[in-house]
$ cat run36.tsv   # TSV, C-alpha atoms
chain	number	residue	atom	x	y	z
A	39	MET	CA	7.33	-14.57	-10.88
A	40	ALA	CA	6.91	-13.95	-14.59
A	41	PHE	CA	9.34	-15.12	-17.25
A	42	LEU	CA	9.37	-15.95	-20.93
A	43	VAL	CA	9.51	-19.52	-22.28
A	44	GLU	CA	10.19	-20.44	-25.88
A	45	GLN	CA	7.69	-23.01	-27.15
A	46	GLU	CA	7.99	-25.24	-30.21
A	47	GLY	CA	8.36	-23.29	-33.42
A	48	GLY	CA	9.98	-20.29	-31.69
A	49	VAL	CA	6.74	-19.02	-30.08
A	50	VAL	CA	7.42	-17.18	-26.81
A	51	ASP	CA	4.78	-17.19	-24.03
A	52	ASP	CA	4.54	-15.43	-20.69
A	53	VAL	CA	4.70	-17.97	-17.90
A	54	VAL	CA	3.81	-17.28	-14.27
A	55	ASP	CA	4.60	-19.91	-11.66
A	56	GLY	CA	4.42	-22.57	-14.37
A	57	ALA	CA	1.06	-21.51	-15.82
A	58	ALA	CA	0.89	-19.86	-19.24
A	59	ALA	CA	-0.90	-16.52	-19.19
A	60	SER	CA	-3.51	-15.84	-21.86
A	61	GLY	CA	-3.06	-12.79	-24.04
A	62	ASP	CA	-6.29	-11.20	-22.75
A	63	THR	CA	-5.23	-11.71	-19.15
A	64	ALA	CA	-1.78	-10.28	-19.77
A	65	ALA	CA	-3.21	-7.27	-21.63
A	66	SER	CA	-5.80	-6.68	-18.89
A	67	PHE	CA	-3.11	-6.91	-16.21
A	68	ASP	CA	-0.76	-4.58	-18.09
A	69	ALA	CA	-3.56	-2.04	-18.58
A	70	TYR	CA	-4.51	-2.20	-14.91
A	71	VAL	CA	-0.89	-1.74	-13.77
A	72	ALA	CA	-0.38	1.18	-16.17
A	73	GLU	CA	-3.50	2.90	-14.87
A	74	HIS	CA	-3.34	2.16	-11.12
A	75	ARG	CA	0.28	1.48	-10.16
A	76	ASN	CA	1.17	5.05	-9.11
A	77	ALA	CA	-1.98	5.34	-6.99
A	78	LEU	CA	-1.26	1.98	-5.34
A	79	VAL	CA	2.34	2.96	-4.57
A	80	ARG	CA	1.18	6.33	-3.21
A	81	TYR	CA	-1.37	4.55	-0.98
A	82	ALA	CA	1.23	2.02	0.17
A	83	THR	CA	3.71	4.83	0.88
A	84	PHE	CA	1.29	6.39	3.32
A	85	LEU	CA	0.82	3.00	4.96
A	86	CYS	CA	4.52	2.07	5.08
A	87	GLY	CA	6.10	5.48	5.51
A	88	SER	CA	8.71	4.54	2.90
A	89	ALA	CA	8.47	4.92	-0.87
A	90	ALA	CA	10.97	2.12	-1.45
A	91	GLN	CA	9.13	-0.31	0.81
A	92	ALA	CA	5.81	0.73	-0.74
A	93	ASP	CA	7.12	0.01	-4.23
A	94	ASP	CA	8.30	-3.43	-3.08
A	95	LEU	CA	4.97	-4.09	-1.39
A	96	VAL	CA	2.91	-3.23	-4.47
A	97	GLN	CA	5.21	-5.23	-6.74
A	98	TYR	CA	4.99	-8.25	-4.41
A	99	VAL	CA	1.18	-8.08	-4.33
A	100	LEU	CA	0.85	-7.70	-8.10
A	101	VAL	CA	3.16	-10.65	-8.73
A	102	ARG	CA	1.14	-12.80	-6.33
A	103	LEU	CA	-2.19	-11.80	-7.90
A	104	TYR	CA	-1.15	-12.22	-11.54
A	105	PRO	CA	-1.81	-15.99	-11.80
A	106	ARG	CA	-5.44	-15.38	-10.75
A	107	TRP	CA	-5.90	-12.21	-12.82
A	108	GLY	CA	-9.17	-12.16	-14.71
A	109	THR	CA	-11.19	-13.86	-11.95
A	110	TRP	CA	-12.54	-10.51	-10.69
A	111	ALA	CA	-14.94	-8.26	-12.56
A	112	ASP	CA	-13.40	-5.22	-10.82
A	113	PRO	CA	-9.97	-6.13	-9.42
A	114	HIS	CA	-9.18	-2.75	-7.78
A	115	PRO	CA	-10.92	-3.36	-4.43
A	116	TYR	CA	-9.25	-6.77	-4.19
A	117	VAL	CA	-5.83	-5.39	-5.08
A	118	ARG	CA	-6.16	-2.54	-2.55
A	119	ARG	CA	-7.24	-5.03	0.11
A	120	SER	CA	-4.28	-7.25	-0.77
A	121	VAL	CA	-1.89	-4.29	-0.44
A	122	THR	CA	-3.37	-3.46	2.95
A	123	ASN	CA	-3.23	-7.06	4.17
A	124	GLU	CA	0.34	-7.47	3.00
A	125	PHE	CA	1.31	-4.21	4.73
A	126	LEU	CA	-0.24	-5.48	7.97
A	127	SER	CA	1.62	-8.79	7.57
A	128	TRP	CA	4.92	-7.07	6.79
A	129	ARG	CA	4.50	-4.86	9.86
A	130	ARG	CA	3.92	-7.93	12.05
A	131	ARG	CA	6.93	-9.73	10.62
A	132	TRP	CA	9.11	-6.60	10.77
A	133	ALA	CA	8.24	-5.98	14.42
A	134	THR	CA	9.75	-9.34	15.38
A	135	ARG	CA	13.05	-8.77	13.55
A	136	GLN	CA	16.19	-7.18	14.89
A	137	VAL	CA	16.65	-3.44	14.54
A	138	HIS	CA	19.46	-2.37	12.21
A	139	ALA	CA	21.20	0.98	11.92
A	140	VAL	CA	19.79	3.21	9.19
A	141	PRO	CA	21.22	6.33	7.51
A	142	ASP	CA	20.17	9.74	8.83
A	143	ALA	CA	18.17	10.49	5.65
A	144	ALA	CA	15.95	7.49	6.41
A	145	LEU	CA	15.39	8.68	9.98
A	146	THR	CA	14.27	12.12	8.87
A	147	GLY	CA	12.17	10.79	6.03
A	148	GLU	CA	13.91	13.22	3.65
A	149	ALA	CA	14.60	10.51	1.08
A	150	ASP	CA	10.94	9.46	1.07
A	151	ARG	CA	9.73	13.04	0.65
A	152	ARG	CA	12.08	13.44	-2.34
A	153	ALA	CA	10.83	10.14	-3.79
A	154	HIS	CA	7.22	11.27	-3.23
A	155	VAL	CA	7.84	14.35	-5.36
A	156	GLU	CA	9.34	12.19	-8.12
A	157	TRP	CA	6.20	10.10	-8.71
A	158	THR	CA	3.46	12.64	-8.08
A	159	ASP	CA	2.81	16.32	-8.56
A	160	GLU	CA	1.10	16.49	-5.19
A	161	PRO	CA	3.08	17.89	-2.27
A	162	GLY	CA	4.41	15.37	0.21
A	163	PRO	CA	3.09	15.23	3.74
A	164	ASP	CA	4.30	17.63	6.40
A	165	PRO	CA	7.36	16.00	8.02
A	166	GLU	CA	5.84	16.26	11.49
A	167	LEU	CA	2.54	14.76	10.32
A	168	TRP	CA	4.49	12.04	8.47
A	169	ALA	CA	6.32	11.14	11.70
A	170	LEU	CA	3.07	11.09	13.72
A	171	LEU	CA	1.34	8.95	11.11
A	172	GLY	CA	4.23	6.50	11.33
A	173	ARG	CA	3.68	6.11	15.07
A	174	LEU	CA	0.04	5.08	14.77
A	175	PRO	CA	-0.81	1.39	15.24
A	176	ARG	CA	-1.09	-0.31	11.84
A	177	GLN	CA	-4.90	-0.71	11.86
A	178	GLN	CA	-5.40	2.95	12.82
A	179	ARG	CA	-2.90	4.12	10.21
A	180	ALA	CA	-4.57	2.03	7.50
A	181	ALA	CA	-8.02	3.33	8.47
A	182	VAL	CA	-6.90	6.98	8.51
A	183	VAL	CA	-5.11	6.66	5.16
A	184	LEU	CA	-8.07	4.88	3.57
A	185	ARG	CA	-10.49	7.52	4.87
A	186	TYR	CA	-8.59	10.74	4.25
A	187	TRP	CA	-6.21	9.82	1.42
A	188	GLU	CA	-8.24	7.29	-0.55
A	189	GLY	CA	-11.63	8.83	0.36
A	190	LEU	CA	-13.35	5.53	1.19
A	191	SER	CA	-16.52	5.15	3.25
A	192	ASP	CA	-16.72	3.19	6.52
A	193	ASP	CA	-18.20	0.19	4.69
A	194	GLU	CA	-15.45	0.21	2.05
A	195	ILE	CA	-12.72	0.55	4.68
A	196	GLY	CA	-14.34	-2.27	6.64
A	197	ALA	CA	-14.17	-4.49	3.56
A	198	VAL	CA	-10.47	-3.69	3.11
A	199	LEU	CA	-9.56	-4.17	6.79
A	200	GLU	CA	-12.03	-7.03	7.29
A	201	CYS	CA	-13.82	-5.38	10.20
A	202	ARG	CA	-17.18	-3.79	10.91
A	203	PRO	CA	-17.96	-0.13	10.15
A	204	GLY	CA	-18.13	0.64	13.88
A	205	THR	CA	-14.59	-0.67	14.32
A	206	VAL	CA	-13.49	1.46	11.36
A	207	ARG	CA	-14.97	4.56	13.00
A	208	ALA	CA	-13.15	3.69	16.25
A	209	HIS	CA	-9.81	3.25	14.42
A	210	VAL	CA	-10.25	6.55	12.55
A	211	SER	CA	-11.37	8.40	15.68
A	212	ARG	CA	-8.47	7.14	17.80
A	213	GLY	CA	-5.97	7.73	15.03
A	214	MET	CA	-7.18	11.28	14.43
A	215	ALA	CA	-7.16	11.99	18.18
A	216	THR	CA	-3.52	10.88	18.32
A	217	LEU	CA	-2.63	13.02	15.31
A	218	ARG	CA	-4.45	16.07	16.72
A	219	ALA	CA	-2.74	15.67	20.10
A	220	GLY	CA	0.65	15.44	18.40
A	221	LEU	CA	0.01	18.54	16.29
A	222	GLU	CA	-1.63	20.56	19.09
A	223	GLY	CA	1.48	22.61	19.90
A	224	ARG	CA	1.84	23.78	16.28
A	225	ARG	CA	-1.38	25.75	16.12
A	226	PRO	CA	-0.98	29.57	16.31

$ encode --input "run36.tsv" --output "structure tokens"
Amino acid sequence: MAFLVEQEGGVVDDVVDGAAASGDTAASFDAYVAEHRNALVRYATFLCGSAAQADDLVQYVLVRLYPRWGTWADPHPYVRRSVTNEFLSWRRRWATRQVHAVPDAALTGEADRRAHVEWTDEPGPDPELWALLGRLPRQQRAAVVLRYWEGLSDDEIGAVLECRPGTVRAHVSRGMATLRAGLEGRRP
């Protein structure tokens, strides 16, 4: 959690979890967030199925990584892996909670499709495909999104999901088979 603290002489510093952030670190972090935040939220939305939850997920990960910012030469792979790991953890925790009633807009995904249009010029996913993607097991969904949305190779996906390339191929294959079977009746 970041906040401002007034030092002696009226100097104000950024403080994160009790540690003062250097100006270079803060500038580097701000530049990274400005450049990659929308892509991270878009990626997380495809994982979560909810733009609001994706925004929370990305914010949570960035806040947690800020105190260690500057320790990576290229932070993007680490941040993407952190988003994926946090999604997998949230899914595990969410699955053990009680189910609560949700508004009809949330059930249809209409609110998320509208939110998708607000933060990107790209069209949102087909509602039927969106629903099928949401039914995939979390590892398969992450592998399919990383392959077809993020365009990563088997080795890169394996690094994000912490598994071997053969396991990645199995997740993608099974996930795509499920999606194809669900969309089979739509073909002319």

$ residues_around --input "run36.tsv" --residues "region 169-171 of chain A" --least-positions-apart "3" --cutoff "9 Å" --atoms "all atoms listed in the file" --output "PyMOL selection string"
chain A and resi 84-85+87+146-147+164-166+174-175+179+182+213+216-217+220-221

$ atom_distance --input "run36.tsv" --atom1 "CA of Pro113 (chain A)" --atom2 "CA of Leu126 (chain A)"
19.9 Å

$ closest_residue --input "run36.tsv" --among "A:Cys86, A:Tyr81, A:Val121, A:Ala65" --to "Leu100 (chain A)" --atoms "all atoms listed in the file"
A:Val121

$ closest_residue --input "run36.tsv" --among "A:Val71, A:Leu190, A:Ala197, A:Ser88" --to "Ser120 (chain A)" --atoms "all atoms listed in the file"
A:Ala197

$ closest_residue --input "run36.tsv" --among "A:Leu103, A:Val117, A:Val183, A:Asp62" --to "Arg75 (chain A)" --atoms "only C-alpha atoms"
A:Val117

$ residues_around --input "run36.tsv" --residues "Thr122 (chain A)" --least-positions-apart "3" --cutoff "8 Å" --atoms "only C-alpha atoms" --output "short mmCIF file (atom, residue, chain, number, x, y, z; two decimals) with C-alpha atoms, in the frame of the given file"
data_model
loop_
_atom_site.label_atom_id
_atom_site.label_comp_id
_atom_site.auth_asym_id
_atom_site.auth_seq_id
_atom_site.Cartn_x
_atom_site.Cartn_y
_atom_site.Cartn_z
CA ALA A 82 1.23 2.02 0.17
CA LEU A 85 0.82 3.00 4.96
CA ARG A 118 -6.16 -2.54 -2.55
CA ARG A 119 -7.24 -5.03 0.11
CA PHE A 125 1.31 -4.21 4.73
CA LEU A 126 -0.24 -5.48 7.97
CA ALA A 180 -4.57 2.03 7.50
CA VAL A 198 -10.47 -3.69 3.11
CA LEU A 199 -9.56 -4.17 6.79
#

$ atom_distance --input "run36.tsv" --atom1 "CA of Val96 (chain A)" --atom2 "CA of Leu78 (chain A)"
6.7 Å

$ closest_residue --input "run36.tsv" --among "A:Val206, A:Ile195, A:Leu167, A:Ala92" --to "Arg224 (chain A)" --atoms "all atoms listed in the file"
A:Leu167

$ atom_distance --input "run36.tsv" --atom1 "CA of Ser211 (chain A)" --atom2 "CA of Ser191 (chain A)"
13.8 Å

$ residues_around --input "run36.tsv" --residues "Trp110 (chain A)" --least-positions-apart "5" --cutoff "12 Å" --atoms "all atoms listed in the file" --output "list in words"
Thr63, Ser66, Phe67, Leu103, Tyr104, Pro115, Tyr116 and Val117 of chain A
